[in-house]
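Colleague: Have a peek at run21.txt (compact mmCIF, C-alpha atoms).
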```txt
# COMPACT_ATOMS: atom_id res chain seq x y z
CA MET A 273 10.31 -179.12 163.42
CA ALA A 274 10.19 -180.56 159.90
CA ARG A 275 6.64 -181.76 160.51
CA ASP A 276 5.54 -178.26 161.57
CA SER A 277 7.06 -176.75 158.45
CA ALA A 278 5.26 -179.37 156.32
CA LYS A 279 1.95 -178.48 157.96
CA LEU A 280 2.62 -174.80 157.35
CA TRP A 281 3.40 -175.47 153.69
CA PHE A 282 0.12 -177.37 153.19
CA VAL A 283 -1.83 -174.61 154.94
CA LEU A 284 -0.24 -172.00 152.73
CA MET A 285 -0.97 -174.07 149.62
CA GLY A 286 -4.64 -174.35 150.62
CA THR A 287 -4.74 -178.07 151.43
CA SER A 288 -4.62 -179.79 154.76
CA LEU A 289 -2.18 -182.54 155.61
CA GLU A 290 -5.08 -184.89 156.40
CA LYS A 291 -6.56 -184.42 152.92
CA ARG A 292 -3.20 -185.12 151.32
CA ARG A 293 -2.79 -188.36 153.31
CA LYS A 294 -6.32 -189.58 152.61
CA LYS A 295 -6.41 -192.58 150.29
CA PRO A 296 -8.10 -191.83 146.98
CA GLU A 297 -11.56 -193.24 146.38
CA TRP A 298 -12.12 -195.82 143.65
CA PRO A 299 -12.54 -193.95 140.38
CA ALA A 300 -16.18 -193.05 139.88
CA PHE A 301 -16.04 -193.81 136.16
CA VAL A 302 -15.50 -197.54 136.77
CA ASP A 303 -18.73 -199.52 137.15
CA LEU A 304 -17.72 -202.46 139.37
CA SER A 305 -21.04 -204.27 138.84
CA LYS A 306 -19.87 -205.22 135.34
CA PHE A 307 -16.89 -207.06 136.81
CA LYS A 308 -18.72 -209.38 139.22
CA ILE A 309 -16.73 -212.56 139.55
CA LYS A 310 -18.80 -215.70 139.84
CA SER A 311 -18.07 -217.81 142.88
CA PRO A 312 -16.68 -221.28 142.55
CA GLN A 313 -18.80 -224.23 143.65
CA VAL A 314 -17.40 -226.88 145.98
CA PHE A 315 -18.88 -230.32 145.37
CA LEU A 316 -18.60 -233.29 147.69
CA ILE A 317 -19.25 -236.95 146.93
CA LYS A 318 -20.40 -237.84 150.44
CA GLU A 319 -20.30 -241.61 149.90
CA ARG A 320 -16.55 -241.46 149.20
CA CYS A 321 -15.60 -239.37 152.25
CA LYS A 322 -13.71 -241.18 155.04
CA GLU A 323 -13.54 -238.22 157.48
CA CYS A 324 -9.79 -237.67 157.26
CA GLU A 325 -10.54 -233.94 157.66
CA TRP A 326 -7.60 -232.91 155.49
CA CYS A 327 -9.84 -230.62 153.42
CA ILE A 328 -11.01 -228.96 156.64
CA ILE A 329 -7.55 -228.62 158.18
CA TYR A 330 -5.68 -227.41 155.09
CA CYS A 331 -8.30 -225.07 153.55
CA PRO A 332 -6.58 -221.64 153.45
CA GLU A 333 -9.90 -219.83 153.88
CA GLN A 334 -11.24 -222.24 156.55
CA ILE A 335 -14.71 -222.46 154.96
CA LEU A 336 -15.30 -226.16 155.72
CA GLU A 337 -16.27 -227.94 158.92
CA LYS A 338 -17.33 -231.45 159.95
CA SER A 339 -21.07 -232.00 159.51
CA ASP A 340 -23.45 -233.84 161.80
CA GLU A 341 -24.63 -235.93 158.86
CA ILE A 342 -23.36 -239.50 158.58
CA ASN A 343 -22.62 -241.06 155.19
CA VAL A 344 -23.09 -244.70 154.12
CA LYS A 345 -19.70 -245.69 155.56
CA GLY A 346 -20.47 -244.12 158.95
CA TYR A 347 -18.27 -241.04 158.58
CA HIS A 348 -19.05 -237.33 158.94
CA PRO A 349 -18.34 -235.56 155.62
CA PRO A 350 -17.41 -231.86 155.58
CA LYS A 351 -19.89 -229.05 154.99
CA LEU A 352 -19.76 -225.31 154.43
CA LYS A 353 -19.33 -223.41 157.70
CA GLU A 354 -22.20 -221.36 159.07
CA GLY A 355 -21.87 -217.79 157.83
CA LYS A 356 -19.47 -218.70 155.03
CA THR A 357 -20.32 -218.65 151.32
CA PHE A 358 -18.68 -219.90 148.16
CA ASP A 359 -17.52 -216.30 147.62
CA ASP A 360 -15.05 -216.96 150.46
CA CYS A 361 -13.44 -219.85 148.56
CA ALA A 362 -9.93 -219.01 147.31
CA GLU A 363 -10.39 -221.47 144.43
CA CYS A 364 -6.96 -222.93 145.09
CA HIS A 365 -8.22 -226.51 144.49
CA PHE A 366 -6.04 -227.70 147.37
CA CYS A 367 -8.94 -229.68 148.85
CA GLU A 368 -9.11 -231.63 145.57
CA LEU A 369 -5.41 -232.35 145.59
CA ILE A 370 -5.17 -233.40 149.21
CA CYS A 371 -8.28 -235.62 149.41
CA PRO A 372 -7.11 -239.26 149.35
CA GLU A 373 -10.55 -240.49 148.24
CA PHE A 374 -11.17 -237.84 145.53
CA ALA A 375 -14.40 -236.98 147.33
CA ILE A 376 -14.25 -233.20 146.92
CA TYR A 377 -13.78 -230.98 143.88
CA VAL A 378 -14.15 -227.32 142.93
CA VAL A 379 -15.87 -226.10 139.77
CA LYS A 380 -15.76 -222.55 138.48
CA PRO A 381 -19.08 -221.72 136.82
CA ASP A 382 -18.89 -221.15 133.08
CA GLU A 383 -19.81 -217.79 131.71
CA GLU A 384 -23.48 -217.51 130.86
CA GLU A 385 -24.34 -217.53 127.19
CA GLY A 386 -24.67 -214.11 125.66
CA GLU A 387 -22.86 -212.37 128.51
CA ASN A 388 -20.00 -211.14 126.34
CA ASP A 389 -22.03 -210.71 123.15
CA GLU A 390 -21.88 -207.28 121.67
```
Any chance you could put this one into structure tokens?

Modeller:
Amino acid sequence: MARDSAKLWFVLMGTSLEKRRKKPEWPAFVDLSKFKIKSPQVFLIKERCKECEWCIIYCPEQILEKSDEINVKGYHPPKLKEGKTFDDCAECHFCELICPEFAIYVVKPDEEEGENDE
């Protein structure tokens, strides 16, 4: 009964209940292209990797997988999963912290020169 009275109120006020519940669009005055965040880069020193797979197992975004490539020591280092990009990286640096051989690290690209010049 309360729901019917709410619908009647919105009809009388000239707005529908569906329009009132619709989520607002992103404000048109904000140009999102100016706020593009550069993706981090994940670097791997393949010769150091011993295939412990901790970086693969504990990555919160699950962007790494074991590669078919074999390094000098005979192990399969990780690689970026098919269909994943560096934009998917959470930049948590957990792979750096958990790697026992310090074979993987994440670098956030520096801002390009002149980008913030006025």

Colleague: When distances are computed from all atoms listed in the file, which of A:Leu369, A:Val344, A:Val378, A:Cys361 shows the smallest separation from Glu319 of chain A?

Modeller: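 Under the stated criterion, the closest residue is A:Val344.
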
Colleague: Report, in Å to a single decimal, how far apart atom CA of Ala375 of chain A and atom CA of Asn343 of chain A are.

Modeller: 12.1 Å

Colleague: To one decimal place in Å, what is the distance between atom CA of Lys306 of chain A and atom CA of Cys364 of chain A?

Modeller: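 Separation of atom CA of Lys306 of chain A and atom CA of Cys364 of chain A: 24.0 Å.
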
Colleague: When you draw a straight line from atom CA of Lys351 of chain A to atom CA of Tyr330 of chain A, how long is it in Å?

Modeller: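 For atom CA of Lys351 of chain A relative to atom CA of Tyr330 of chain A, the distance reads 14.3 Å.
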
Colleague: Which residues, written as a list in words, have at least one atom at most 9 Å from Leu336 of chain A, with all atoms listed in the file counted and residues fewer than 3 positions away on the same chain left out?

Modeller: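 Once the adjacent positions are removed, what remains is Cys327, Ile328, Ile329, Cys331, Glu333, Pro350, Lys351, Leu352, Lys353 and Lys356 of chain A.
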
Colleague: Could you check which of A:Gly355, A:Ile317, A:Lys310, A:Glu363 is closest to Pro332 of chain A, using all atoms listed in the file?

Modeller: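 Residue with the minimum atom-to-atom distance to Pro332 of chain A: A:Glu363.
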
Colleague: With a distance cut-off of 12 Å and all atoms listed in the file, select the neighbouring residues of Lys318 of chain A, excluding the residue or stretch itself and same-chain residues fewer than 3 positions from it, and output the selection as a PDB file with C-alpha atoms, in the coordinates of the input.

Modeller:
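File produced: selection-v7.pdb:
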```
ATOM      1  CA  PHE A 315     -18.880-230.320 145.370  1.00  0.00           C
ATOM      2  CA  CYS A 321     -15.600-239.370 152.250  1.00  0.00           C
ATOM      3  CA  LYS A 322     -13.710-241.180 155.040  1.00  0.00           C
ATOM      4  CA  GLU A 323     -13.540-238.220 157.480  1.00  0.00           C
ATOM      5  CA  LYS A 338     -17.330-231.450 159.950  1.00  0.00           C
ATOM      6  CA  SER A 339     -21.070-232.000 159.510  1.00  0.00           C
ATOM      7  CA  GLU A 341     -24.630-235.930 158.860  1.00  0.00           C
ATOM      8  CA  ILE A 342     -23.360-239.500 158.580  1.00  0.00           C
ATOM      9  CA  ASN A 343     -22.620-241.060 155.190  1.00  0.00           C
ATOM     10  CA  VAL A 344     -23.090-244.700 154.120  1.00  0.00           C
ATOM     11  CA  LYS A 345     -19.700-245.690 155.560  1.00  0.00           C
ATOM     12  CA  GLY A 346     -20.470-244.120 158.950  1.00  0.00           C
ATOM     13  CA  TYR A 347     -18.270-241.040 158.580  1.00  0.00           C
ATOM     14  CA  HIS A 348     -19.050-237.330 158.940  1.00  0.00           C
ATOM     15  CA  PRO A 349     -18.340-235.560 155.620  1.00  0.00           C
ATOM     16  CA  PRO A 350     -17.410-231.860 155.580  1.00  0.00           C
ATOM     17  CA  LYS A 351     -19.890-229.050 154.990  1.00  0.00           C
ATOM     18  CA  GLU A 373     -10.550-240.490 148.240  1.00  0.00           C
ATOM     19  CA  PHE A 374     -11.170-237.840 145.530  1.00  0.00           C
ATOM     20  CA  ALA A 375     -14.400-236.980 147.330  1.00  0.00           C
ATOM     21  CA  ILE A 376     -14.250-233.200 146.920  1.00  0.00           C
ATOM     22  CA  TYR A 377     -13.780-230.980 143.880  1.00  0.00           C
TER      23      TYR A 377
END
```

Colleague: Which residue out of A:Lys380, A:Cys371, A:Asp340, A:Arg320 has the minimum interatomic distance to Phe358 of chain A when all atoms listed in the file are used?

Modeller: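 Answer, going by the shortest atom-to-atom distance: A:Lys380.
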
Colleague: Which is closer to Thr357 of chain A than all the others in A:Cys324, A:Ile370, A:Glu337, A:Ser311, using only C-alpha atoms?

Modeller: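 Residue with the minimum atom-to-atom distance to Thr357 of chain A: A:Ser311.
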
Colleague: Calculated over all atoms listed in the file, which of the candidates A:Ile309, A:Val379, A:Trp326, A:Ile335 has the smallest distance to Cys367 of chain A?

Modeller: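 Of the candidates, the smallest distance to Cys367 of chain A is held by A:Trp326.
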